[in-house]
$ cat final32.pdb   # PDB, C-alpha atoms
ATOM      1  CA  MET A   1      20.599 -15.491   7.720
ATOM      2  CA  ALA A   2      23.726 -13.528   6.833
ATOM      3  CA  PRO A   3      26.719 -13.714   9.236
ATOM      4  CA  LEU A   4      27.694 -10.759  11.387
ATOM      5  CA  SER A   5      30.317  -8.494   9.890
ATOM      6  CA  SER A   6      33.299  -6.966  11.686
ATOM      7  CA  SER A   7      31.982  -3.521  10.786
ATOM      8  CA  LEU A   8      28.834  -4.200  12.782
ATOM      9  CA  LEU A   9      30.903  -5.232  15.787
ATOM     10  CA  LEU A  10      32.846  -1.989  15.503
ATOM     11  CA  LEU A  11      29.633  -0.007  15.112
ATOM     12  CA  ALA A  12      28.121  -1.582  18.214
ATOM     13  CA  ALA A  13      31.294  -0.773  20.139
ATOM     14  CA  HIS A  14      31.119   2.802  18.876
ATOM     15  CA  PHE A  15      27.614   3.239  20.196
ATOM     16  CA  LEU A  16      28.722   1.932  23.570
ATOM     17  CA  THR A  17      31.493   4.498  23.756
ATOM     18  CA  ILE A  18      29.179   7.423  23.022
ATOM     19  CA  SER A  19      26.284   6.234  25.134
ATOM     20  CA  PHE A  20      26.752   4.642  28.512
ATOM     21  CA  SER A  21      22.999   4.198  28.733
ATOM     22  CA  LEU A  22      22.587   1.340  26.265
ATOM     23  CA  GLU A  23      24.764  -1.754  26.327
ATOM     24  CA  LEU A  24      24.999  -5.144  24.735
ATOM     25  CA  ASN A  25      23.449  -7.918  26.822
ATOM     26  CA  PHE A  26      21.895  -5.414  29.219
ATOM     27  CA  TYR A  27      19.704  -8.178  30.669
ATOM     28  CA  HIS A  28      22.516 -10.711  31.047
ATOM     29  CA  ASN A  29      22.105 -10.846  34.818
ATOM     30  CA  SER A  30      18.586  -9.559  35.389
ATOM     31  CA  CYS A  31      16.808 -11.642  32.708
ATOM     32  CA  PRO A  32      19.279 -13.878  30.852
ATOM     33  CA  ARG A  33      16.723 -15.468  28.505
ATOM     34  CA  ALA A  34      15.019 -12.201  27.501
ATOM     35  CA  GLU A  35      16.441 -11.957  23.979
ATOM     36  CA  LEU A  36      15.888 -15.656  23.346
ATOM     37  CA  ILE A  37      12.232 -15.341  24.386
ATOM     38  CA  VAL A  38      11.756 -12.393  22.030
ATOM     39  CA  LYS A  39      13.278 -14.364  19.163
ATOM     40  CA  GLN A  40      11.162 -17.454  19.834
ATOM     41  CA  VAL A  41       7.884 -15.540  19.907
ATOM     42  CA  VAL A  42       8.726 -13.606  16.735
ATOM     43  CA  GLN A  43       9.611 -16.865  14.990
ATOM     44  CA  LYS A  44       6.291 -18.381  16.071
ATOM     45  CA  HIS A  45       4.338 -15.490  14.553
ATOM     46  CA  PHE A  46       6.531 -15.447  11.435
ATOM     47  CA  GLN A  47       5.737 -19.094  10.745
ATOM     48  CA  LYS A  48       2.053 -18.197  10.629
ATOM     49  CA  ASP A  49       2.444 -14.892   8.784
ATOM     50  CA  PRO A  50       5.659 -14.049   6.879
ATOM     51  CA  SER A  51       4.625 -10.391   6.697
ATOM     52  CA  VAL A  52       5.099  -9.967  10.465
ATOM     53  CA  PRO A  53       8.686  -8.618  10.143
ATOM     54  CA  ALA A  54       7.441  -5.776   7.960
ATOM     55  CA  GLY A  55       4.822  -4.927  10.572
ATOM     56  CA  LEU A  56       7.426  -4.946  13.342
ATOM     57  CA  LEU A  57       9.822  -2.759  11.349
ATOM     58  CA  ARG A  58       7.165  -0.152  10.681
ATOM     59  CA  LEU A  59       5.986  -0.232  14.290
ATOM     60  CA  HIS A  60       9.554   0.319  15.525
ATOM     61  CA  PHE A  61      10.134   3.170  13.073
ATOM     62  CA  HIS A  62       6.918   4.924  14.054
ATOM     63  CA  ASP A  63       7.826   4.515  17.707
ATOM     64  CA  CYS A  64      11.334   5.945  17.384
ATOM     65  CA  PHE A  65      10.296   8.844  15.164
ATOM     66  CA  ILE A  66       8.073  10.338  17.878
ATOM     67  CA  ARG A  67       9.651  11.044  21.290
ATOM     68  CA  GLY A  68      12.393   8.508  20.571
ATOM     69  CA  CYS A  69      12.354   4.730  21.013
ATOM     70  CA  ASP A  70      10.223   4.664  24.166
ATOM     71  CA  ALA A  71       7.323   2.360  23.182
ATOM     72  CA  SER A  72       4.894   5.291  23.253
ATOM     73  CA  VAL A  73       3.308   3.995  20.030
ATOM     74  CA  LEU A  74       2.129   0.880  21.889
ATOM     75  CA  VAL A  75       0.009   2.765  24.428
ATOM     76  CA  ASP A  76      -3.778   2.565  24.139
ATOM     77  CA  SER A  77      -5.987   5.617  24.482
ATOM     78  CA  THR A  78      -7.945   6.218  27.672
ATOM     79  CA  ASP A  79     -10.968   8.300  28.613
ATOM     80  CA  TYR A  80      -8.523  11.106  29.396
ATOM     81  CA  ASN A  81      -6.001  10.851  26.582
ATOM     82  CA  ILE A  82      -5.899  10.089  22.854
ATOM     83  CA  ALA A  83      -2.683   8.172  22.263
ATOM     84  CA  GLU A  84      -0.217   8.153  19.339
ATOM     85  CA  LYS A  85      -1.659   5.037  17.765
ATOM     86  CA  GLU A  86      -4.904   6.921  17.007
ATOM     87  CA  ALA A  87      -3.129   9.404  14.716
ATOM     88  CA  PRO A  88      -4.032   8.880  11.027
ATOM     89  CA  PRO A  89      -0.497   7.767   9.986
ATOM     90  CA  ASN A  90      -0.596   5.089  12.703
ATOM     91  CA  LEU A  91      -3.992   3.582  11.954
ATOM     92  CA  THR A  92      -2.467   0.991   9.626
ATOM     93  CA  LEU A  93       0.175  -0.145  12.121
ATOM     94  CA  ARG A  94       0.022  -3.771  13.154
ATOM     95  CA  ALA A  95       1.957  -6.470  15.060
ATOM     96  CA  PHE A  96       0.802  -5.094  18.401
ATOM     97  CA  ASP A  97      -0.290  -8.639  19.225
ATOM     98  CA  VAL A  98       3.264  -9.893  18.679
ATOM     99  CA  ILE A  99       4.580  -7.407  21.230
ATOM    100  CA  ASP A 100       1.795  -8.347  23.652
ATOM    101  CA  ASP A 101       2.720 -12.030  23.366
ATOM    102  CA  ILE A 102       6.413 -11.338  23.885
ATOM    103  CA  LYS A 103       5.739  -9.165  26.920
ATOM    104  CA  ALA A 104       3.527 -11.840  28.476
ATOM    105  CA  GLU A 105       6.231 -14.486  28.070
ATOM    106  CA  VAL A 106       9.008 -12.216  29.323
ATOM    107  CA  GLU A 107       6.957 -11.234  32.377
ATOM    108  CA  LYS A 108       6.584 -14.916  33.262
ATOM    109  CA  GLU A 109      10.355 -15.229  33.191
ATOM    110  CA  CYS A 110      11.299 -12.013  35.014
ATOM    111  CA  SER A 111       8.525  -9.654  35.997
ATOM    112  CA  GLY A 112       9.076  -5.909  35.803
ATOM    113  CA  VAL A 113      12.553  -6.109  34.265
ATOM    114  CA  VAL A 114      12.404  -5.881  30.455
ATOM    115  CA  SER A 115      11.016  -2.730  28.856
ATOM    116  CA  CYS A 116       8.500  -2.665  26.051
ATOM    117  CA  ALA A 117      10.840  -0.335  24.171
ATOM    118  CA  ASP A 118      13.582  -2.991  24.189
ATOM    119  CA  ILE A 119      11.101  -5.714  23.288
ATOM    120  CA  LEU A 120       9.998  -3.752  20.215
ATOM    121  CA  ALA A 121      13.579  -2.957  19.143
ATOM    122  CA  LEU A 122      14.649  -6.592  19.581
ATOM    123  CA  ALA A 123      11.571  -7.913  17.804
ATOM    124  CA  ALA A 124      12.280  -5.641  14.829
ATOM    125  CA  ARG A 125      15.882  -6.921  14.776
ATOM    126  CA  ASP A 126      14.714 -10.529  14.819
ATOM    127  CA  GLY A 127      12.233  -9.755  12.048
ATOM    128  CA  VAL A 128      15.082  -8.419   9.927
ATOM    129  CA  ALA A 129      17.036 -11.643  10.456
ATOM    130  CA  LEU A 130      14.042 -13.822   9.584
ATOM    131  CA  SER A 131      13.608 -11.847   6.357
ATOM    132  CA  GLY A 132      17.156 -12.508   5.204
ATOM    133  CA  GLY A 133      18.972  -9.660   6.892
ATOM    134  CA  GLU A 134      21.677  -9.729   9.534
ATOM    135  CA  GLU A 135      21.001 -10.538  13.169
ATOM    136  CA  TYR A 136      22.876  -7.428  14.229
ATOM    137  CA  LEU A 137      24.101  -6.846  17.762
ATOM    138  CA  LEU A 138      21.644  -4.483  19.412
ATOM    139  CA  PRO A 139      22.446  -2.485  22.554
ATOM    140  CA  THR A 140      19.589  -2.576  25.075
ATOM    141  CA  GLY A 141      18.606  -0.791  28.257
ATOM    142  CA  ARG A 142      15.803   1.411  26.929
ATOM    143  CA  ARG A 143      13.020   2.382  29.302
ATOM    144  CA  ASP A 144       9.391   3.068  28.513
ATOM    145  CA  GLY A 145       7.958   6.530  28.118
ATOM    146  CA  LYS A 146       5.100   7.903  30.175
ATOM    147  CA  VAL A 147       3.622  10.127  27.454
ATOM    148  CA  SER A 148       1.739   9.168  24.289
ATOM    149  CA  LEU A 149      -0.165  11.919  22.478
ATOM    150  CA  MET A 150      -1.927  11.710  19.146
ATOM    151  CA  GLU A 151      -0.999  15.278  18.276
ATOM    152  CA  ASP A 152       2.713  14.450  18.443
ATOM    153  CA  ALA A 153       2.519  11.911  15.625
ATOM    154  CA  HIS A 154       3.924  13.531  12.477
ATOM    155  CA  PHE A 155       5.918  11.526   9.949
ATOM    156  CA  PRO A 156       7.415  11.930   6.472
ATOM    157  CA  GLY A 157       4.549  11.024   4.163
ATOM    158  CA  PRO A 158       4.501   8.575   1.238
ATOM    159  CA  SER A 159       4.337  11.460  -1.245
ATOM    160  CA  PHE A 160       7.229  13.469   0.218
ATOM    161  CA  SER A 161      10.145  14.576  -1.919
ATOM    162  CA  VAL A 162      13.546  13.212  -0.948
ATOM    163  CA  HIS A 163      14.477  16.682   0.310
ATOM    164  CA  ALA A 164      11.407  16.923   2.544
ATOM    165  CA  ALA A 165      11.857  13.383   3.860
ATOM    166  CA  LEU A 166      15.521  14.074   4.605
ATOM    167  CA  ALA A 167      14.591  17.180   6.584
ATOM    168  CA  ALA A 168      12.273  15.024   8.707
ATOM    169  CA  PHE A 169      14.923  12.330   9.180
ATOM    170  CA  GLN A 170      17.497  14.902  10.211
ATOM    171  CA  THR A 171      15.300  15.916  13.155
ATOM    172  CA  ILE A 172      16.138  12.510  14.677
ATOM    173  CA  ASN A 173      19.792  12.607  13.577
ATOM    174  CA  LEU A 174      19.429  10.280  10.599
ATOM    175  CA  ASP A 175      21.053  11.209   7.295
ATOM    176  CA  LEU A 176      20.514  10.601   3.584
ATOM    177  CA  VAL A 177      22.257   7.220   3.697
ATOM    178  CA  ASP A 178      19.922   6.154   6.514
ATOM    179  CA  LEU A 179      16.875   7.441   4.624
ATOM    180  CA  THR A 180      17.778   5.633   1.413
ATOM    181  CA  THR A 181      18.710   2.463   3.260
ATOM    182  CA  LEU A 182      15.779   2.255   5.665
ATOM    183  CA  LEU A 183      13.347   2.754   2.785
ATOM    184  CA  GLY A 184      14.770  -0.573   1.629
ATOM    185  CA  ALA A 185      12.484  -2.093   4.262
ATOM    186  CA  HIS A 186       9.807  -1.575   1.615
ATOM    187  CA  SER A 187      11.220  -4.667  -0.070
ATOM    188  CA  ILE A 188       8.924  -6.566   2.305
ATOM    189  CA  GLY A 189       5.372  -6.104   3.463
ATOM    190  CA  LEU A 190       2.110  -4.658   2.229
ATOM    191  CA  CYS A 191       0.741  -1.198   1.508
ATOM    192  CA  HIS A 192      -2.807   0.167   1.528
ATOM    193  CA  CYS A 193      -3.976   1.576  -1.805
ATOM    194  CA  GLY A 194      -4.888   4.850  -0.140
ATOM    195  CA  PHE A 195      -1.200   5.687   0.271
ATOM    196  CA  PHE A 196      -0.594   5.907  -3.481
ATOM    197  CA  ILE A 197      -4.020   6.168  -5.142
ATOM    198  CA  ASP A 198      -3.219   9.654  -6.441
ATOM    199  CA  ARG A 199      -0.365   8.221  -8.533
ATOM    200  CA  LEU A 200      -2.814   5.984 -10.379
ATOM    201  CA  TYR A 201      -5.605   8.377 -11.272
ATOM    202  CA  ASN A 202      -4.987  12.014 -10.350
ATOM    203  CA  PHE A 203      -1.319  12.777  -9.890
ATOM    204  CA  ARG A 204      -0.924  16.265  -8.452
ATOM    205  CA  GLY A 205      -4.444  17.120  -9.550
ATOM    206  CA  SER A 206      -3.665  16.464 -13.219
ATOM    207  CA  GLY A 207      -6.498  13.984 -13.759
ATOM    208  CA  SER A 208      -3.908  11.531 -15.078
ATOM    209  CA  ALA A 209      -1.474   8.982 -13.677
ATOM    210  CA  ASP A 210       2.029   9.771 -12.460
ATOM    211  CA  PRO A 211       4.173   9.870 -15.640
ATOM    212  CA  HIS A 212       7.022   8.252 -13.693
ATOM    213  CA  ILE A 213       5.388   4.878 -13.267
ATOM    214  CA  ASP A 214       5.909   1.830 -15.440
ATOM    215  CA  PRO A 215       2.805   1.279 -17.639
ATOM    216  CA  GLY A 216       2.639  -2.403 -16.746
ATOM    217  CA  LEU A 217       2.779  -1.621 -13.041
ATOM    218  CA  LEU A 218       0.140   1.061 -13.495
ATOM    219  CA  ASP A 219      -2.246  -1.472 -15.053
ATOM    220  CA  THR A 220      -1.566  -3.957 -12.259
ATOM    221  CA  LEU A 221      -2.121  -1.436  -9.486
ATOM    222  CA  ARG A 222      -5.279  -0.059 -11.077
ATOM    223  CA  ARG A 223      -6.744  -3.571 -11.148
ATOM    224  CA  LYS A 224      -5.898  -4.085  -7.498
ATOM    225  CA  CYS A 225      -6.901  -0.575  -6.450
ATOM    226  CA  PRO A 226     -10.033   0.461  -8.377
ATOM    227  CA  PHE A 227     -10.675   4.111  -7.648
ATOM    228  CA  GLU A 228     -14.231   3.513  -6.507
ATOM    229  CA  VAL A 229     -13.327   0.956  -3.806
ATOM    230  CA  VAL A 230     -10.373   2.701  -2.184
ATOM    231  CA  GLU A 231     -11.436   4.078   1.186
ATOM    232  CA  ILE A 232      -8.578   6.115   2.565
ATOM    233  CA  LYS A 233     -10.432   6.923   5.775
ATOM    234  CA  ASN A 234     -11.469   3.311   6.390
ATOM    235  CA  VAL A 235      -8.341   1.169   6.468
ATOM    236  CA  SER A 236     -10.299  -1.997   7.173
ATOM    237  CA  LYS A 237     -11.857  -1.732   3.708
ATOM    238  CA  ASP A 238      -8.919  -0.231   1.836
ATOM    239  CA  PRO A 239      -7.295  -2.865  -0.460
ATOM    240  CA  LYS A 240      -3.614  -3.740   0.001
ATOM    241  CA  VAL A 241      -0.807  -4.635  -2.383
ATOM    242  CA  PHE A 242       2.751  -5.846  -1.930
ATOM    243  CA  MET A 243       5.116  -2.921  -1.388
ATOM    244  CA  ASN A 244       7.771  -4.468  -3.614
ATOM    245  CA  GLN A 245       6.171  -5.304  -6.933
ATOM    246  CA  ALA A 246       9.558  -6.294  -8.361
ATOM    247  CA  ALA A 247       9.761  -9.058  -5.754
ATOM    248  CA  VAL A 248       6.247 -10.297  -6.544
ATOM    249  CA  ALA A 249       7.449 -11.310  -9.994
ATOM    250  CA  SER A 250      10.300 -13.312  -8.452
ATOM    251  CA  SER A 251       8.121 -14.737  -5.649
ATOM    252  CA  SER A 252      10.157 -13.083  -2.886
ATOM    253  CA  PRO A 253       7.892 -10.360  -1.422
ATOM    254  CA  PHE A 254       8.948 -11.283   2.123
ATOM    255  CA  THR A 255      12.719 -11.183   1.572
ATOM    256  CA  LEU A 256      14.786  -8.168   2.575
ATOM    257  CA  ASP A 257      16.914  -7.675  -0.523
ATOM    258  CA  THR A 258      17.895  -5.209  -3.221
ATOM    259  CA  SER A 259      15.044  -5.986  -5.625
ATOM    260  CA  PHE A 260      13.308  -2.909  -4.191
ATOM    261  CA  TYR A 261      16.099  -0.704  -5.553
ATOM    262  CA  GLN A 262      16.062  -2.452  -8.921
ATOM    263  CA  GLY A 263      12.349  -1.791  -9.046
ATOM    264  CA  LEU A 264      12.578   1.924  -8.348
ATOM    265  CA  LEU A 265      15.300   2.392 -10.960
ATOM    266  CA  ASN A 266      12.884   0.720 -13.404
ATOM    267  CA  TYR A 267      10.030   3.056 -12.359
ATOM    268  CA  ARG A 268       8.251   0.246 -10.536
ATOM    269  CA  ALA A 269       8.121   1.720  -7.026
ATOM    270  CA  VAL A 270       4.662   1.827  -5.467
ATOM    271  CA  LEU A 271       5.085   4.914  -3.271
ATOM    272  CA  ARG A 272       6.038   8.286  -4.718
ATOM    273  CA  LEU A 273       8.735   8.824  -2.063
ATOM    274  CA  ASP A 274      10.340   5.507  -2.993
ATOM    275  CA  GLN A 275      10.254   6.385  -6.692
ATOM    276  CA  ASN A 276      11.771   9.785  -5.947
ATOM    277  CA  LEU A 277      14.975   8.037  -4.851
ATOM    278  CA  ALA A 278      15.648   7.491  -8.563
ATOM    279  CA  PHE A 279      15.662  11.220  -9.231
ATOM    280  CA  THR A 280      18.559  12.515  -7.098
ATOM    281  CA  ASP A 281      22.172  11.748  -7.924
ATOM    282  CA  PHE A 282      23.188  10.516  -4.485
ATOM    283  CA  THR A 283      20.196   8.271  -3.787
ATOM    284  CA  SER A 284      20.107   6.757  -7.269
ATOM    285  CA  SER A 285      23.846   6.083  -7.098
ATOM    286  CA  LEU A 286      23.487   4.441  -3.687
ATOM    287  CA  ALA A 287      20.602   2.340  -4.985
ATOM    288  CA  ALA A 288      22.796   1.159  -7.858
ATOM    289  CA  SER A 289      25.616   0.348  -5.421
ATOM    290  CA  TYR A 290      23.244  -1.783  -3.365
ATOM    291  CA  ILE A 291      22.099  -3.653  -6.476
ATOM    292  CA  ASN A 292      25.716  -4.364  -7.423
ATOM    293  CA  ASP A 293      26.644  -5.402  -3.874
ATOM    294  CA  PRO A 294      23.665  -6.817  -1.905
ATOM    295  CA  LYS A 295      25.917  -7.467   1.108
ATOM    296  CA  LEU A 296      26.633  -3.748   1.283
ATOM    297  CA  PHE A 297      22.920  -3.093   1.571
ATOM    298  CA  LEU A 298      22.364  -5.643   4.346
ATOM    299  CA  THR A 299      25.330  -4.332   6.330
ATOM    300  CA  GLN A 300      24.262  -0.703   5.996
ATOM    301  CA  PHE A 301      20.662  -1.628   6.812
ATOM    302  CA  SER A 302      21.867  -3.106  10.100
ATOM    303  CA  LYS A 303      23.921   0.017  10.851
ATOM    304  CA  SER A 304      20.962   2.298  10.136
ATOM    305  CA  MET A 305      18.658   0.156  12.274
ATOM    306  CA  ILE A 306      21.068   0.349  15.229
ATOM    307  CA  LYS A 307      21.230   4.107  14.721
ATOM    308  CA  LEU A 308      17.430   4.367  14.543
ATOM    309  CA  GLY A 309      17.069   2.276  17.691
ATOM    310  CA  SER A 310      19.291   4.699  19.619
ATOM    311  CA  VAL A 311      17.140   7.761  18.928
ATOM    312  CA  GLY A 312      15.938   9.615  22.009
ATOM    313  CA  VAL A 313      16.124   6.624  24.336
ATOM    314  CA  LEU A 314      15.158   6.867  27.999
ATOM    315  CA  THR A 315      17.611   5.173  30.344
ATOM    316  CA  GLY A 316      18.669   4.977  33.961
ATOM    317  CA  LEU A 317      15.901   6.321  36.164
ATOM    318  CA  ASP A 318      14.022   8.031  33.322
ATOM    319  CA  GLY A 319      10.697   6.585  32.231
ATOM    320  CA  GLU A 320       9.543   3.244  33.619
ATOM    321  CA  ILE A 321       9.254  -0.472  32.915
ATOM    322  CA  ARG A 322       5.627  -1.032  31.972
ATOM    323  CA  SER A 323       3.857  -4.102  33.260
ATOM    324  CA  ASN A 324       1.567  -3.908  30.226
ATOM    325  CA  CYS A 325       2.902  -2.415  27.001
ATOM    326  CA  ARG A 326      -0.511  -0.946  26.205
ATOM    327  CA  SER A 327      -0.799   1.155  29.357
ATOM    328  CA  ILE A 328       1.410   3.461  31.379
ATOM    329  CA  ASN A 329       1.819   2.107  34.891
ATOM    330  CA  ASP A 330       0.160   5.034  36.630
ATOM    331  CA  GLY A 331      -2.233   5.845  33.795
ATOM    332  CA  ILE A 332      -2.055   8.899  31.556
TER     333      ILE A 332
END

$ encode --input "final32.pdb" --output "structure tokens"
Amino acid sequence: MAPLSSSLLLLAAHFLTISFSLELNFYHNSCPRAELIVKQVVQKHFQKDPSVPAGLLRLHFHDCFIRGCDASVLVDSTDYNIAEKEAPPNLTLRAFDVIDDIKAEVEKECSGVVSCADILALAARDGVALSGGEEYLLPTGRRDGKVSLMEDAHFPGPSFSVHAALAAFQTINLDLVDLTTLLGAHSIGLCHCGFFIDRLYNFRGSGSADPHIDPGLLDTLRRKCPFEVVEIKNVSKDPKVFMNQAAVASSSPFTLDTSFYQGLLNYRAVLRLDQNLAFTDFTSSLAASYINDPKLFLTQFSKSMIKLGSVGVLTGLDGEIRSNCRSINDGI
């Protein structure tokens, strides 16, 4: 685990000056052991499955991108409402069970105090630390949203250009540095073949593979993702591969590091959006900077995660504190 940097302390202080709603150690008096409980439960799951941090990171991102970081992605559908998690981009989300376990333990300690939104943000932070990143200081005090609608769930897709992805990120006040850096989370975790199958067999309707993919990687991915067995609409049957094929070779597919950027500069990115980072001056230059200075990457990743976790938060009397992360207190 990398030590905290002074720049992160300054960044945390900056967020406190611009937002009185979130604060460090928000639960210091109301639930002193809250953050420790989150960490312990995440560690327990990580010991059984080292891919859990990747699942938590993606869950947190998908939560914050729609309606802000309000835990709306955790809500189950009812007879009267189809929730966010039923949207096609969310069908491959996981780690819901980790959040459920954390919430159950926190409720035993201090019922009705800690929000699901904070639990998810903290769990993602702890996942970053367990994967080799920094255990950054995270302001808390988020409250849970009361709305979760499938039709709201729209995200930058895996085949987006950098320009299109940036436009989507800018809608939640994230910039090109944040985009390039947060995509570094793809150094860990798994990806369903359906997200990139077009690159292997029919790139842009050409009937051929994406020309910007390393031939060796193409052979590997075709073996793991035979065209006839990929079922994009049935994620339970769709094969999966490691997101960071460069790390597979070095036996570190669960470590948050700069091998992802080395891979994309060598045309070994799995997703088209990731590979596209090699084709703009700014993003390719930043990728090279991260390769030359891995500490720079980890520090900026922490900064971008804090920034992401501050998007559209509900505080004060807004929203609620759910008793069950999967259901709004009064129903939908």

$ closest_residue --input "final32.pdb" --among "A:Tyr80, A:Phe169, A:Phe61, A:Tyr290" --to "Arg125 of chain A" --atoms "all atoms listed in the file"
A:Phe61

$ closest_atom_pairs --input "final32.pdb" --of "segment 258-326 of chain A" --to "segment 174-186 of chain A" --cutoff "7 Å" --atoms "all atoms listed in the file" --output "JSON lines"
{"residue": "A:Phe260", "atom": "CA", "partner": "A:Gly184", "partner_atom": "CA", "distance": 6.4}
{"residue": "A:Thr283", "atom": "CA", "partner": "A:Thr180", "partner_atom": "CA", "distance": 6.3}
{"residue": "A:Gln300", "atom": "CA", "partner": "A:Thr181", "partner_atom": "CA", "distance": 7.0}
{"residue": "A:Phe301", "atom": "CA", "partner": "A:Thr181", "partner_atom": "CA", "distance": 5.8}
{"residue": "A:Ser304", "atom": "CA", "partner": "A:Asp178", "partner_atom": "CA", "distance": 5.4}

$ residues_near_point --input "final32.pdb" --point "(21.7, -9.2, 6.6)" --cutoff "12 Å" --atoms "only C-alpha atoms" --output "NGL selection string"
:A and (1-5 or 8 or 125-137 or 185 or 255-258 or 294-303 or 305)

$ closest_residue --input "final32.pdb" --among "A:Arg33, A:Lys146, A:Lys224, A:His45" --to "Val73 of chain A" --atoms "all atoms listed in the file"
A:Lys146

$ residues_near_point --input "final32.pdb" --point "(11.9, 13.0, -3.8)" --cutoff "7 Å" --atoms "all atoms listed in the file" --output "PDB file with C-alpha atoms, in the coordinates of the input"
ATOM      1  CA  PHE A 160       7.229  13.469   0.218  1.00  0.00           C
ATOM      2  CA  SER A 161      10.145  14.576  -1.919  1.00  0.00           C
ATOM      3  CA  VAL A 162      13.546  13.212  -0.948  1.00  0.00           C
ATOM      4  CA  HIS A 163      14.477  16.682   0.310  1.00  0.00           C
ATOM      5  CA  LEU A 273       8.735   8.824  -2.063  1.00  0.00           C
ATOM      6  CA  ASN A 276      11.771   9.785  -5.947  1.00  0.00           C
ATOM      7  CA  LEU A 277      14.975   8.037  -4.851  1.00  0.00           C
ATOM      8  CA  PHE A 279      15.662  11.220  -9.231  1.00  0.00           C
TER       9      PHE A 279
END

$ closest_residue --input "final32.pdb" --among "A:Gly68, A:Pro158, A:Pro88, A:Gly316" --to "Cys191 of chain A" --atoms "all atoms listed in the file"
A:Pro158

$ axis_aligned_box --input "final32.pdb" --around "segment 306-320 of chain A" --padding-each-side "6 Å" --output "AutoDock Vina command-line options"
--center_x 15.4 --center_y 5.0 --center_z 25.4 --size_x 23.7 --size_y 21.3 --size_z 33.6

$ atom_distance --input "final32.pdb" --atom1 "atom CA of Ala83 of chain A" --atom2 "atom CA of Gly319 of chain A"
16.8 Å

$ resolve_selection --input "final32.pdb" --expression "the PyMOL selection byres ((chain A and resi 50) around 12)" --output "ChimeraX atom specification"
/A:42-49,51-56,95,127-128,130-132,188-190,252-256

$ atom_distance --input "final32.pdb" --atom1 "atom CA of Gln40 of chain A" --atom2 "atom CA of Ile102 of chain A"
8.7 Å

$ atom_distance --input "final32.pdb" --atom1 "atom CA of Glu23 of chain A" --atom2 "atom CA of Arg142 of chain A"
9.5 Å

$ residues_around --input "final32.pdb" --residues "segment 152-156 of chain A" --least-positions-apart "2" --cutoff "9 Å" --atoms "all atoms listed in the file" --output "list in words"
His62, Phe65, Ile66, Arg67, Glu84, Lys85, Ala87, Pro88, Pro89, Asn90, Ser148, Leu149, Met150, Pro158, Ser159, Phe160, Ala164, Ala165, Leu166, Ala167, Ala168 and Phe169 of chain A

$ residues_around --input "final32.pdb" --residues "Lys103 of chain A" --least-positions-apart "5" --cutoff "10 Å" --atoms "all atoms listed in the file" --output "ChimeraX atom specification"
/A:34,37-38,41,97-98,108-109,111,114-116,119-120,322-325

$ residues_around --input "final32.pdb" --residues "Gly263 of chain A" --least-positions-apart "2" --cutoff "9 Å" --atoms "all atoms listed in the file" --output "VMD selection string"
chain A and resid 244 to 247 258 to 261 265 to 269 275

$ resolve_selection --input "final32.pdb" --expression "the PyMOL selection byres ((chain A and resi 208-212) around 12)" --output "ChimeraX atom specification"
/A:159,196-207,213-219,221-222,264-279

$ closest_residue --input "final32.pdb" --among "A:Ser77, A:Ser310, A:Gln170, A:Thr140" --to "Cys64 of chain A" --atoms "all atoms listed in the file"
A:Ser310

$ closest_residue --input "final32.pdb" --among "A:Thr280, A:Cys193, A:Phe227, A:Ala71" --to "Phe242 of chain A" --atoms "all atoms listed in the file"
A:Cys193

$ decode --input "final32.pdb" --residues "segment 133-147 of chain A" --atoms "C-alpha atoms" --output "short mmCIF file (atom, residue, chain, number, x, y, z; two decimals), in the first residue's frame"
data_model
loop_
_atom_site.label_atom_id
_atom_site.label_comp_id
_atom_site.auth_asym_id
_atom_site.auth_seq_id
_atom_site.Cartn_x
_atom_site.Cartn_y
_atom_site.Cartn_z
CA GLY A 133 -3.14 2.06 -4.82
CA GLU A 134 -3.26 4.73 -2.15
CA GLU A 135 -5.68 4.65 0.76
CA TYR A 136 -6.73 8.21 0.02
CA LEU A 137 -8.61 10.37 2.49
CA LEU A 138 -12.25 10.34 1.44
CA PRO A 139 -14.79 12.94 2.59
CA THR A 140 -18.09 11.34 3.64
CA GLY A 141 -21.60 12.47 4.46
CA ARG A 142 -23.40 11.33 1.31
CA ARG A 143 -27.06 10.40 1.58
CA ASP A 144 -28.99 7.86 -0.43
CA GLY A 145 -31.19 8.75 -3.36
CA LYS A 146 -34.87 7.92 -3.59
CA VAL A 147 -34.99 7.45 -7.37
#
